[in-house]
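Notes to accompany the following structure.
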Amino acid sequence: MDFLRPASWEEALAAKAEHPTAVPIAGGTDVMVEINFDHRRPEYLLDLNRIADLGEWEVGEKTVRLGASVPYTKIMENLRAELPGLALASHTVASPQIRNRGGVGGNLGCASPAGDAHPALLSAGCEVEVESAERGVRMIPIDEFYLGVKRNALQQDELIRAVHLPKADGPQQFSKVGTRNAMVIAVCAFGIALHPETRTVRTGIGSAAPTPVRAKEAEQFLAAALDEGGFWESGAPIPPSVAKQFAQLASGACNPIDDVRGSAKYRRHAVGIMARRTLGWTWESYRGNAHGTKGGAQCA
């Protein structure tokens, strides 16, 4: 196994073009586990740790450009207001040591359906900035990024440079079920984001289908219910019947398997529970911020 260590982004793209099978490594929190257990033996490792740009972020007027290697700890500490869903998801990633090393680019590159960042990225509606030496930069909408189990839309000579996420214009939430409280792969996970400016809702489901997915039917149902019932304007509690239907539709978006972490039946059930609860939390936050109301979540 050869170790390639470019000093700049241009050198990294050139190395990837010359060695298309090279596996990028930055945090290494997934790749090194596979190598140590001999589940993977790449011919080349492409070390990206010397490229400072990958560890930086930029907050614009409407979006955040997040470098592929920005550690989860930095997201939690610095971007909680702009990216609340991703900050919450970052809290659940493994251990402090791994949160100090791992970044969103690694989750995207591995494309595991159990990656903790995916539900938050889907619910935020981001774009992935990728680049190759030959074709230059292209932006991949997150909805088009996941192609199959641990398969993504990257071409062989492309590298992930950054993720562009809209700054939150409404409450966001993330919930995860695991077999313990730390250092655990998700049995299933759920993210939700309310977008009051466009009066839309987006969701993300992890570890309950071959790829991370959105519950699009649930989103459309809830957005219509909020709009038709005048809830965006009134801030009134969401009726339990609406919350129940949203949860059922979210559960129906799953296509899980039975494995050592949980059964398909349990995953569907758990996603429904998380959908209802996170809806309750986000709506109560919206009511409090926009209408000054207080009290418990009426639809949880």
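For the structure tokens, the naming scheme is as follows: chains receive sequential letters (A, B, ...) according to their order of presentation, residues are indexed from 1 within each chain, and ligands are indexed from 1 in presentation order.
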Can I get the residues of stretch 177-250 of chain A within 12 Å of stretch 106-130 of chain A, each with the closest pair of atoms and their distance in Å to one decimal, using only C-alpha atoms, sorted chain first then ascending number, as JSON lines?
```
{"residue": "A:Val177", "atom": "CA", "partner": "A:Asp116", "partner_atom": "CA", "distance": 10.8}
{"residue": "A:Gly178", "atom": "CA", "partner": "A:Ala114", "partner_atom": "CA", "distance": 10.7}
{"residue": "A:Met183", "atom": "CA", "partner": "A:Asp116", "partner_atom": "CA", "distance": 11.8}
{"residue": "A:Val184", "atom": "CA", "partner": "A:Ala114", "partner_atom": "CA", "distance": 10.2}
{"residue": "A:Ile185", "atom": "CA", "partner": "A:Ala114", "partner_atom": "CA", "distance": 6.6}
{"residue": "A:Ala186", "atom": "CA", "partner": "A:Ala114", "partner_atom": "CA", "distance": 5.7}
{"residue": "A:Val187", "atom": "CA", "partner": "A:Ala114", "partner_atom": "CA", "distance": 7.6}
{"residue": "A:Cys188", "atom": "CA", "partner": "A:Ala114", "partner_atom": "CA", "distance": 7.2}
{"residue": "A:Ala189", "atom": "CA", "partner": "A:Pro119", "partner_atom": "CA", "distance": 7.1}
{"residue": "A:Phe190", "atom": "CA", "partner": "A:Pro119", "partner_atom": "CA", "distance": 5.9}
{"residue": "A:Gly191", "atom": "CA", "partner": "A:Pro119", "partner_atom": "CA", "distance": 4.9}
{"residue": "A:Ile192", "atom": "CA", "partner": "A:Ser123", "partner_atom": "CA", "distance": 5.5}
{"residue": "A:Ala193", "atom": "CA", "partner": "A:Ser123", "partner_atom": "CA", "distance": 5.4}
{"residue": "A:Leu194", "atom": "CA", "partner": "A:Ser123", "partner_atom": "CA", "distance": 8.6}
{"residue": "A:His195", "atom": "CA", "partner": "A:Ala124", "partner_atom": "CA", "distance": 8.9}
{"residue": "A:Thr200", "atom": "CA", "partner": "A:Ser123", "partner_atom": "CA", "distance": 10.6}
{"residue": "A:Val201", "atom": "CA", "partner": "A:Ser123", "partner_atom": "CA", "distance": 7.9}
{"residue": "A:Arg202", "atom": "CA", "partner": "A:Ser123", "partner_atom": "CA", "distance": 4.6}
{"residue": "A:Thr203", "atom": "CA", "partner": "A:Ser123", "partner_atom": "CA", "distance": 4.3}
{"residue": "A:Gly204", "atom": "CA", "partner": "A:Pro119", "partner_atom": "CA", "distance": 3.8}
{"residue": "A:Ile205", "atom": "CA", "partner": "A:Pro119", "partner_atom": "CA", "distance": 5.2}
{"residue": "A:Gly206", "atom": "CA", "partner": "A:Ala114", "partner_atom": "CA", "distance": 5.4}
{"residue": "A:Ser207", "atom": "CA", "partner": "A:Ala114", "partner_atom": "CA", "distance": 4.3}
{"residue": "A:Ala208", "atom": "CA", "partner": "A:Pro113", "partner_atom": "CA", "distance": 7.5}
{"residue": "A:Ala209", "atom": "CA", "partner": "A:Pro113", "partner_atom": "CA", "distance": 7.0}
{"residue": "A:Pro210", "atom": "CA", "partner": "A:Pro113", "partner_atom": "CA", "distance": 6.3}
{"residue": "A:Thr211", "atom": "CA", "partner": "A:Pro113", "partner_atom": "CA", "distance": 4.7}
{"residue": "A:Pro212", "atom": "CA", "partner": "A:Pro113", "partner_atom": "CA", "distance": 5.0}
{"residue": "A:Val213", "atom": "CA", "partner": "A:Leu122", "partner_atom": "CA", "distance": 7.6}
{"residue": "A:Arg214", "atom": "CA", "partner": "A:Leu122", "partner_atom": "CA", "distance": 6.8}
{"residue": "A:Ala215", "atom": "CA", "partner": "A:Ser123", "partner_atom": "CA", "distance": 9.7}
{"residue": "A:Lys216", "atom": "CA", "partner": "A:Ser123", "partner_atom": "CA", "distance": 10.5}
{"residue": "A:Glu219", "atom": "CA", "partner": "A:Ser123", "partner_atom": "CA", "distance": 10.1}
```
- Task: May I have the residues within 10 Å of A:Pro171 as a VMD selection string, using only C-alpha atoms and disregarding those fewer than 5 positions away in the same chain?
- Result: chain A and resid 81 83 to 85 192 to 196 279 281 to 287 289
Selection from above, C-alpha atoms, as a PDB file, in the first residue's frame, can you write it?
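Result file follows (again_16.pdb):
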```
ATOM      1  CA  ALA A  81     -26.879  28.755  15.116  1.00  0.00           C
ATOM      2  CA  LEU A  83     -26.520  24.638  11.098  1.00  0.00           C
ATOM      3  CA  PRO A  84     -28.471  23.420  14.144  1.00  0.00           C
ATOM      4  CA  GLY A  85     -29.461  20.052  12.690  1.00  0.00           C
ATOM      5  CA  ILE A 192     -36.162  17.301  10.219  1.00  0.00           C
ATOM      6  CA  ALA A 193     -35.908  20.957   9.185  1.00  0.00           C
ATOM      7  CA  LEU A 194     -38.704  23.500   9.001  1.00  0.00           C
ATOM      8  CA  HIS A 195     -38.231  26.105   6.282  1.00  0.00           C
ATOM      9  CA  PRO A 196     -40.705  28.920   7.057  1.00  0.00           C
ATOM     10  CA  LEU A 279     -41.793  17.344  14.761  1.00  0.00           C
ATOM     11  CA  TRP A 281     -39.695  19.721  19.240  1.00  0.00           C
ATOM     12  CA  THR A 282     -39.226  21.737  16.059  1.00  0.00           C
ATOM     13  CA  TRP A 283     -42.788  23.058  16.010  1.00  0.00           C
ATOM     14  CA  GLU A 284     -42.658  24.111  19.648  1.00  0.00           C
ATOM     15  CA  SER A 285     -39.397  25.920  18.896  1.00  0.00           C
ATOM     16  CA  TYR A 286     -41.020  27.634  15.907  1.00  0.00           C
ATOM     17  CA  ARG A 287     -43.993  28.686  18.014  1.00  0.00           C
ATOM     18  CA  ASN A 289     -39.440  31.954  18.372  1.00  0.00           C
TER      19      ASN A 289
END
```
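Relative to atom CA of A:Asn255, atom CA of A:Tyr146 is found at 14.9 Å.
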- Item | stretch 30-46 of chain A surroundings by only C-alpha atoms, 10 Å radius, close-in-sequence under 6 positions cut, as a PyMOL selection string | chain A and resi 1-6+12+15-16+19-24+98+102+106-107+109-110+112
Take the selection from the previous step and output its residues with C-alpha atoms, as a PDB file, in the first residue's frame.
```
ATOM      1  CA  MET A   1       0.000   0.000   0.000  1.00  0.00           C
ATOM      2  CA  ASP A   2       1.486   3.330  -1.111  1.00  0.00           C
ATOM      3  CA  PHE A   3       0.868   6.551   0.826  1.00  0.00           C
ATOM      4  CA  LEU A   4       0.371   9.726  -1.215  1.00  0.00           C
ATOM      5  CA  ARG A   5       0.711  13.014   0.698  1.00  0.00           C
ATOM      6  CA  PRO A   6      -0.045  16.083  -1.458  1.00  0.00           C
ATOM      7  CA  ALA A  12      -4.301  16.178  -4.523  1.00  0.00           C
ATOM      8  CA  ALA A  15      -2.659  12.494  -7.592  1.00  0.00           C
ATOM      9  CA  LYS A  16      -6.277  11.359  -7.792  1.00  0.00           C
ATOM     10  CA  HIS A  19      -4.283   7.047  -9.307  1.00  0.00           C
ATOM     11  CA  PRO A  20      -8.102   6.911  -9.603  1.00  0.00           C
ATOM     12  CA  THR A  21      -8.378   4.012  -7.140  1.00  0.00           C
ATOM     13  CA  ALA A  22      -6.597   5.971  -4.398  1.00  0.00           C
ATOM     14  CA  VAL A  23      -8.726   6.194  -1.243  1.00  0.00           C
ATOM     15  CA  PRO A  24      -8.826   9.688   0.293  1.00  0.00           C
ATOM     16  CA  ILE A  98     -13.426  10.776  16.748  1.00  0.00           C
ATOM     17  CA  GLY A 102     -13.912  13.047  11.604  1.00  0.00           C
ATOM     18  CA  GLY A 106     -15.732  11.335   5.256  1.00  0.00           C
ATOM     19  CA  ASN A 107     -19.397  10.485   5.843  1.00  0.00           C
ATOM     20  CA  GLY A 109     -17.237   9.665   0.797  1.00  0.00           C
ATOM     21  CA  CYS A 110     -18.076   6.409   2.577  1.00  0.00           C
ATOM     22  CA  SER A 112     -22.800   4.404   4.563  1.00  0.00           C
TER      23      SER A 112
END
```
- Could you name the residues that touch A:Arg50 at 10 Å or less, counting only C-alpha atoms, but leaving out those on the same chain fewer than 3 positions away, as a PyMOL selection string? chain A and resi 5-9+12+26+47+53-55
Stretch 17-239 of chain A: which residues are helix (DSSP H, G or I) by DSSP, as a tab-separated table (two decimals) with N, CA, C and O atoms, in the first residue's frame?
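Heads up, here's the output in out_17.tsv:
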```tsv
chain	number	residue	atom	x	y	z
A	17	ALA	N	-6.11	11.97	-10.15
A	17	ALA	CA	-6.21	11.72	-11.58
A	17	ALA	C	-5.25	10.62	-12.02
A	17	ALA	O	-5.58	9.78	-12.86
A	18	GLU	N	-4.05	10.63	-11.45
A	18	GLU	CA	-3.04	9.63	-11.81
A	18	GLU	C	-3.35	8.27	-11.20
A	18	GLU	O	-3.06	7.23	-11.79
A	31	VAL	N	-12.07	4.69	7.33
A	31	VAL	CA	-11.13	3.96	6.45
A	31	VAL	C	-10.16	3.10	7.26
A	31	VAL	O	-9.92	1.94	6.92
A	32	MET	N	-9.61	3.66	8.33
A	32	MET	CA	-8.60	2.91	9.09
A	32	MET	C	-9.21	1.70	9.79
A	32	MET	O	-8.53	0.67	9.95
A	33	VAL	N	-10.46	1.79	10.19
A	33	VAL	CA	-11.13	0.63	10.78
A	33	VAL	C	-11.22	-0.49	9.75
A	33	VAL	O	-10.92	-1.66	10.05
A	34	GLU	N	-11.63	-0.15	8.53
A	34	GLU	CA	-11.73	-1.17	7.48
A	34	GLU	C	-10.38	-1.79	7.16
A	34	GLU	O	-10.27	-2.99	6.94
A	35	ILE	N	-9.35	-0.96	7.14
A	35	ILE	CA	-8.01	-1.47	6.86
A	35	ILE	C	-7.50	-2.35	7.99
A	35	ILE	O	-6.94	-3.43	7.77
A	36	ASN	N	-7.71	-1.91	9.23
A	36	ASN	CA	-7.22	-2.67	10.39
A	36	ASN	C	-7.88	-4.04	10.49
A	36	ASN	O	-7.25	-5.00	10.95
A	52	ALA	N	-5.06	22.83	4.08
A	52	ALA	CA	-5.73	23.62	5.11
A	52	ALA	C	-7.15	24.01	4.72
A	52	ALA	O	-8.04	24.10	5.58
A	53	ASP	N	-7.38	24.27	3.44
A	53	ASP	CA	-8.69	24.72	2.97
A	53	ASP	C	-9.81	23.76	3.35
A	53	ASP	O	-10.94	24.16	3.61
A	54	LEU	N	-9.50	22.47	3.41
A	54	LEU	CA	-10.52	21.47	3.71
A	54	LEU	C	-11.00	21.55	5.15
A	54	LEU	O	-12.08	21.05	5.47
A	55	GLY	N	-10.22	22.17	6.01
A	55	GLY	CA	-10.60	22.29	7.41
A	55	GLY	C	-11.18	23.64	7.77
A	55	GLY	O	-11.31	23.96	8.96
A	72	TYR	N	-16.21	17.48	13.41
A	72	TYR	CA	-17.52	17.62	14.03
A	72	TYR	C	-17.48	18.52	15.26
A	72	TYR	O	-18.43	19.27	15.52
A	73	THR	N	-16.39	18.47	16.00
A	73	THR	CA	-16.27	19.33	17.18
A	73	THR	C	-16.37	20.80	16.80
A	73	THR	O	-17.00	21.60	17.50
A	74	LYS	N	-15.74	21.19	15.70
A	74	LYS	CA	-15.78	22.59	15.25
A	74	LYS	C	-17.20	22.98	14.84
A	74	LYS	O	-17.62	24.12	15.05
A	75	ILE	N	-17.92	22.07	14.22
A	75	ILE	CA	-19.31	22.35	13.84
A	75	ILE	C	-20.13	22.60	15.10
A	75	ILE	O	-20.92	23.55	15.17
A	76	MET	N	-19.96	21.76	16.10
A	76	MET	CA	-20.70	21.91	17.36
A	76	MET	C	-20.38	23.24	18.03
A	76	MET	O	-21.26	23.91	18.57
A	77	GLU	N	-19.11	23.63	18.00
A	77	GLU	CA	-18.66	24.82	18.74
A	77	GLU	C	-18.95	26.12	18.01
A	77	GLU	O	-19.17	27.15	18.65
A	78	ASN	N	-18.94	26.09	16.67
A	78	ASN	CA	-18.96	27.34	15.92
A	78	ASN	C	-20.17	27.55	15.02
A	78	ASN	O	-20.41	28.69	14.58
A	84	PRO	N	-28.10	24.10	12.90
A	84	PRO	CA	-28.47	23.42	14.14
A	84	PRO	C	-28.67	21.92	14.00
A	84	PRO	O	-28.31	21.15	14.89
A	85	GLY	N	-29.25	21.48	12.88
A	85	GLY	CA	-29.46	20.05	12.69
A	85	GLY	C	-28.15	19.29	12.61
A	85	GLY	O	-27.98	18.24	13.24
A	86	LEU	N	-27.20	19.83	11.85
A	86	LEU	CA	-25.91	19.17	11.72
A	86	LEU	C	-25.13	19.22	13.03
A	86	LEU	O	-24.41	18.27	13.37
A	87	ALA	N	-25.27	20.31	13.78
A	87	ALA	CA	-24.61	20.40	15.08
A	87	ALA	C	-25.15	19.34	16.04
A	87	ALA	O	-24.38	18.70	16.77
A	88	LEU	N	-26.47	19.14	16.03
A	88	LEU	CA	-27.05	18.11	16.88
A	88	LEU	C	-26.57	16.71	16.46
A	88	LEU	O	-26.25	15.87	17.30
A	89	ALA	N	-26.54	16.47	15.16
A	89	ALA	CA	-26.06	15.18	14.68
A	89	ALA	C	-24.59	14.97	15.06
A	89	ALA	O	-24.18	13.86	15.42
A	90	SER	N	-23.80	16.04	15.02
A	90	SER	CA	-22.38	15.94	15.35
A	90	SER	C	-22.18	15.49	16.79
A	90	SER	O	-21.21	14.78	17.10
A	91	HIS	N	-23.08	15.91	17.68
A	91	HIS	CA	-22.98	15.51	19.09
A	91	HIS	C	-23.06	14.00	19.26
A	91	HIS	O	-22.55	13.46	20.24
A	96	PRO	N	-15.39	11.79	21.78
A	96	PRO	CA	-14.71	13.07	21.57
A	96	PRO	C	-13.50	12.95	20.65
A	96	PRO	O	-13.24	13.84	19.83
A	97	GLN	N	-12.74	11.86	20.77
A	97	GLN	CA	-11.56	11.70	19.92
A	97	GLN	C	-11.94	11.65	18.45
A	97	GLN	O	-11.29	12.27	17.60
A	98	ILE	N	-13.00	10.91	18.14
A	98	ILE	CA	-13.43	10.78	16.75
A	98	ILE	C	-14.07	12.06	16.26
A	98	ILE	O	-13.89	12.47	15.11
A	99	ARG	N	-14.82	12.74	17.12
A	99	ARG	CA	-15.41	14.03	16.73
A	99	ARG	C	-14.33	15.07	16.46
A	99	ARG	O	-14.55	16.01	15.69
A	104	VAL	N	-17.59	15.82	7.77
A	104	VAL	CA	-18.71	15.49	6.91
A	104	VAL	C	-18.24	14.86	5.60
A	104	VAL	O	-18.90	13.97	5.05
A	105	GLY	N	-17.09	15.30	5.09
A	105	GLY	CA	-16.59	14.74	3.84
A	105	GLY	C	-16.37	13.24	3.92
A	105	GLY	O	-16.61	12.52	2.95
A	106	GLY	N	-15.93	12.77	5.08
A	106	GLY	CA	-15.73	11.34	5.26
A	106	GLY	C	-17.04	10.57	5.22
A	106	GLY	O	-17.14	9.50	4.61
A	107	ASN	N	-18.08	11.11	5.89
A	107	ASN	CA	-19.40	10.48	5.84
A	107	ASN	C	-19.91	10.40	4.41
A	107	ASN	O	-20.43	9.37	3.98
A	108	LEU	N	-19.73	11.49	3.66
A	108	LEU	CA	-20.20	11.50	2.28
A	108	LEU	C	-19.39	10.54	1.41
A	108	LEU	O	-19.94	9.86	0.55
A	109	GLY	N	-18.09	10.53	1.60
A	109	GLY	CA	-17.24	9.66	0.80
A	109	GLY	C	-17.54	8.20	1.02
A	109	GLY	O	-17.58	7.41	0.07
A	110	CYS	N	-17.76	7.81	2.28
A	110	CYS	CA	-18.08	6.41	2.58
A	110	CYS	C	-19.50	6.07	2.17
A	110	CYS	O	-19.78	4.94	1.79
A	117	ALA	N	-24.19	12.13	9.75
A	117	ALA	CA	-24.41	13.44	9.14
A	117	ALA	C	-25.51	13.43	8.07
A	117	ALA	O	-26.11	14.47	7.80
A	118	HIS	N	-25.78	12.28	7.48
A	118	HIS	CA	-26.65	12.24	6.31
A	118	HIS	C	-28.07	12.77	6.55
A	118	HIS	O	-28.57	13.56	5.72
A	119	PRO	N	-28.77	12.38	7.63
A	119	PRO	CA	-30.12	12.92	7.81
A	119	PRO	C	-30.15	14.44	7.91
A	119	PRO	O	-31.06	15.09	7.37
A	120	ALA	N	-29.14	15.01	8.58
A	120	ALA	CA	-29.09	16.47	8.71
A	120	ALA	C	-28.78	17.13	7.37
A	120	ALA	O	-29.33	18.20	7.05
A	121	LEU	N	-27.92	16.53	6.56
A	121	LEU	CA	-27.61	17.09	5.25
A	121	LEU	C	-28.82	17.04	4.33
A	121	LEU	O	-29.09	17.98	3.59
A	122	LEU	N	-29.55	15.94	4.37
A	122	LEU	CA	-30.75	15.81	3.55
A	122	LEU	C	-31.82	16.80	3.97
A	122	LEU	O	-32.45	17.44	3.13
A	123	SER	N	-32.03	16.94	5.27
A	123	SER	CA	-33.09	17.84	5.73
A	123	SER	C	-32.74	19.30	5.49
A	123	SER	O	-33.63	20.14	5.29
A	124	ALA	N	-31.45	19.63	5.49
A	124	ALA	CA	-31.04	21.00	5.22
A	124	ALA	C	-31.14	21.34	3.74
A	124	ALA	O	-31.35	22.49	3.36
A	142	ILE	N	-27.68	17.18	-2.77
A	142	ILE	CA	-27.61	16.05	-1.86
A	142	ILE	C	-28.60	14.96	-2.22
A	142	ILE	O	-28.34	13.76	-2.03
A	143	ASP	N	-29.74	15.33	-2.80
A	143	ASP	CA	-30.74	14.34	-3.20
A	143	ASP	C	-30.24	13.42	-4.32
A	143	ASP	O	-30.81	12.36	-4.54
A	144	GLU	N	-29.20	13.85	-5.02
A	144	GLU	CA	-28.66	13.06	-6.13
A	144	GLU	C	-27.32	12.40	-5.78
A	144	GLU	O	-26.71	11.75	-6.63
A	216	LYS	N	-40.40	11.89	1.58
A	216	LYS	CA	-40.97	12.96	0.76
A	216	LYS	C	-42.49	13.04	0.89
A	216	LYS	O	-43.06	14.13	0.92
A	217	GLU	N	-43.15	11.91	0.97
A	217	GLU	CA	-44.61	11.94	1.11
A	217	GLU	C	-44.99	12.58	2.44
A	217	GLU	O	-45.96	13.35	2.53
A	218	ALA	N	-44.23	12.26	3.49
A	218	ALA	CA	-44.49	12.85	4.80
A	218	ALA	C	-44.26	14.36	4.76
A	218	ALA	O	-45.02	15.14	5.34
A	219	GLU	N	-43.19	14.78	4.08
A	219	GLU	CA	-42.89	16.21	3.95
A	219	GLU	C	-44.04	16.95	3.26
A	219	GLU	O	-44.47	18.02	3.71
A	220	GLN	N	-44.49	16.39	2.15
A	220	GLN	CA	-45.55	17.04	1.38
A	220	GLN	C	-46.85	17.11	2.17
A	220	GLN	O	-47.56	18.13	2.16
A	221	PHE	N	-47.15	16.03	2.88
A	221	PHE	CA	-48.36	16.02	3.70
A	221	PHE	C	-48.30	17.10	4.78
A	221	PHE	O	-49.25	17.87	4.97
A	222	LEU	N	-47.18	17.17	5.50
A	222	LEU	CA	-47.07	18.12	6.59
A	222	LEU	C	-47.06	19.56	6.08
A	222	LEU	O	-47.74	20.44	6.65
A	223	ALA	N	-46.34	19.82	5.00
A	223	ALA	CA	-46.30	21.17	4.45
A	223	ALA	C	-47.70	21.62	4.04
A	223	ALA	O	-48.10	22.77	4.29
A	224	ALA	N	-48.46	20.72	3.43
A	224	ALA	CA	-49.83	21.07	3.03
A	224	ALA	C	-50.72	21.30	4.24
A	224	ALA	O	-51.53	22.24	4.26
A	225	ALA	N	-50.56	20.46	5.26
A	225	ALA	CA	-51.37	20.61	6.46
A	225	ALA	C	-51.08	21.93	7.17
A	225	ALA	O	-52.00	22.62	7.63
A	226	LEU	N	-49.80	22.30	7.25
A	226	LEU	CA	-49.43	23.55	7.91
A	226	LEU	C	-49.95	24.75	7.12
A	226	LEU	O	-50.41	25.75	7.71
A	227	ASP	N	-49.88	24.65	5.80
A	227	ASP	CA	-50.31	25.76	4.96
A	227	ASP	C	-51.83	25.91	4.96
A	227	ASP	O	-52.37	27.00	5.17
A	228	GLU	N	-52.51	24.81	4.73
A	228	GLU	CA	-53.97	24.86	4.63
A	228	GLU	C	-54.62	25.21	5.96
A	228	GLU	O	-55.68	25.85	6.00
A	231	PHE	N	-51.24	27.30	10.02
A	231	PHE	CA	-50.39	27.13	11.21
A	231	PHE	C	-49.14	28.00	11.17
A	231	PHE	O	-48.65	28.44	12.21
A	232	TRP	N	-48.60	28.25	9.96
A	232	TRP	CA	-47.42	29.10	9.87
A	232	TRP	C	-47.71	30.49	10.45
A	232	TRP	O	-46.87	31.08	11.13
A	233	GLU	N	-48.90	31.00	10.16
A	233	GLU	CA	-49.26	32.34	10.65
A	233	GLU	C	-49.68	32.32	12.12
A	233	GLU	O	-49.30	33.20	12.90
A	234	SER	N	-50.48	31.34	12.48
A	234	SER	CA	-51.06	31.34	13.83
A	234	SER	C	-50.13	30.79	14.89
A	234	SER	O	-50.21	31.17	16.06
```
- Task: Per DSSP on the backbone, filter stretch 1-202 of chain A down to the residues in strand (DSSP E) and report them as a PyMOL selection string.
- Result: chain A and resi 2-4+23-25+44-47+57-59+63-67+127-132+136-141+146-148+151-152+159-166+172-177+188-195+200-202
Let's have the selection written as a PDB file, in the first residue's frame, with C-alpha atoms.
```pdb
ATOM      1  CA  ASP A   2       1.486   3.330  -1.111  1.00  0.00           C
ATOM      2  CA  PHE A   3       0.868   6.551   0.826  1.00  0.00           C
ATOM      3  CA  LEU A   4       0.371   9.726  -1.215  1.00  0.00           C
ATOM      4  CA  VAL A  23      -8.726   6.194  -1.243  1.00  0.00           C
ATOM      5  CA  PRO A  24      -8.826   9.688   0.293  1.00  0.00           C
ATOM      6  CA  ILE A  25      -8.107   9.867   3.995  1.00  0.00           C
ATOM      7  CA  TYR A  44      -3.021   3.834  -2.561  1.00  0.00           C
ATOM      8  CA  LEU A  45      -4.049   6.038   0.348  1.00  0.00           C
ATOM      9  CA  LEU A  46      -4.404   9.736  -0.457  1.00  0.00           C
ATOM     10  CA  ASP A  47      -3.692  11.763   2.696  1.00  0.00           C
ATOM     11  CA  TRP A  57     -15.589  27.150   6.757  1.00  0.00           C
ATOM     12  CA  GLU A  58     -17.147  30.369   5.517  1.00  0.00           C
ATOM     13  CA  VAL A  59     -20.464  31.828   6.670  1.00  0.00           C
ATOM     14  CA  THR A  63     -25.227  29.735   3.042  1.00  0.00           C
ATOM     15  CA  VAL A  64     -22.347  28.119   4.879  1.00  0.00           C
ATOM     16  CA  ARG A  65     -19.476  26.644   2.897  1.00  0.00           C
ATOM     17  CA  LEU A  66     -18.175  23.832   5.065  1.00  0.00           C
ATOM     18  CA  GLY A  67     -14.818  22.324   4.193  1.00  0.00           C
ATOM     19  CA  GLU A 127     -25.029  20.706  -2.258  1.00  0.00           C
ATOM     20  CA  VAL A 128     -21.734  18.822  -2.382  1.00  0.00           C
ATOM     21  CA  GLU A 129     -18.825  20.602  -4.079  1.00  0.00           C
ATOM     22  CA  VAL A 130     -16.584  18.122  -5.889  1.00  0.00           C
ATOM     23  CA  GLU A 131     -13.697  18.652  -8.267  1.00  0.00           C
ATOM     24  CA  SER A 132     -11.429  16.821 -10.672  1.00  0.00           C
ATOM     25  CA  GLY A 136     -13.107  21.165 -12.745  1.00  0.00           C
ATOM     26  CA  VAL A 137     -15.792  21.893 -10.138  1.00  0.00           C
ATOM     27  CA  ARG A 138     -19.343  20.598 -10.105  1.00  0.00           C
ATOM     28  CA  MET A 139     -22.091  20.891  -7.509  1.00  0.00           C
ATOM     29  CA  ILE A 140     -24.095  17.764  -6.673  1.00  0.00           C
ATOM     30  CA  PRO A 141     -27.471  18.253  -4.926  1.00  0.00           C
ATOM     31  CA  TYR A 146     -26.433   8.672  -2.737  1.00  0.00           C
ATOM     32  CA  LEU A 147     -26.630   5.952  -5.386  1.00  0.00           C
ATOM     33  CA  GLY A 148     -26.649   2.700  -3.385  1.00  0.00           C
ATOM     34  CA  ARG A 151     -22.053   4.191  -3.330  1.00  0.00           C
ATOM     35  CA  ASN A 152     -22.083   7.877  -4.208  1.00  0.00           C
ATOM     36  CA  LEU A 159     -12.595  14.595  -4.598  1.00  0.00           C
ATOM     37  CA  ILE A 160     -15.035  16.228  -2.187  1.00  0.00           C
ATOM     38  CA  ARG A 161     -13.901  19.753  -1.372  1.00  0.00           C
ATOM     39  CA  ALA A 162     -16.807  21.253   0.572  1.00  0.00           C
ATOM     40  CA  VAL A 163     -20.499  21.140   1.380  1.00  0.00           C
ATOM     41  CA  HIS A 164     -22.730  24.185   0.818  1.00  0.00           C
ATOM     42  CA  LEU A 165     -25.607  24.316   3.307  1.00  0.00           C
ATOM     43  CA  PRO A 166     -28.374  26.914   3.545  1.00  0.00           C
ATOM     44  CA  GLN A 172     -34.061  21.796  12.939  1.00  0.00           C
ATOM     45  CA  GLN A 173     -33.808  18.579  14.918  1.00  0.00           C
ATOM     46  CA  PHE A 174     -31.986  15.259  14.865  1.00  0.00           C
ATOM     47  CA  SER A 175     -32.678  12.017  16.689  1.00  0.00           C
ATOM     48  CA  LYS A 176     -30.804   8.731  16.717  1.00  0.00           C
ATOM     49  CA  VAL A 177     -31.490   5.277  18.138  1.00  0.00           C
ATOM     50  CA  CYS A 188     -31.778   4.290  12.711  1.00  0.00           C
ATOM     51  CA  ALA A 189     -31.803   8.101  12.716  1.00  0.00           C
ATOM     52  CA  PHE A 190     -34.115  10.918  11.705  1.00  0.00           C
ATOM     53  CA  GLY A 191     -33.599  14.578  10.879  1.00  0.00           C
ATOM     54  CA  ILE A 192     -36.162  17.301  10.219  1.00  0.00           C
ATOM     55  CA  ALA A 193     -35.908  20.957   9.185  1.00  0.00           C
ATOM     56  CA  LEU A 194     -38.704  23.500   9.001  1.00  0.00           C
ATOM     57  CA  HIS A 195     -38.231  26.105   6.282  1.00  0.00           C
ATOM     58  CA  THR A 200     -41.649  23.653   3.248  1.00  0.00           C
ATOM     59  CA  VAL A 201     -40.453  20.757   5.374  1.00  0.00           C
ATOM     60  CA  ARG A 202     -37.494  18.489   4.678  1.00  0.00           C
TER      61      ARG A 202
END
```
- Distance atom CA of A:Arg261-atom CA of A:Lys244, one decimal place? 26.0 Å
- Message: Applying 8 Å and only C-alpha atoms, which residues near A:Arg267 remain after dropping the ones on its own chain fewer than 2 positions away? List them as a PyMOL selection string.
- Response: chain A and resi 187-188+208+256+262-265+269-271
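Comparing the minimum interatomic distances between A:Asn100 and each of A:Gly27, A:Glu61, A:Ala275, A:Asp169, counting only C-alpha atoms, we find that A:Gly27 sits nearest.
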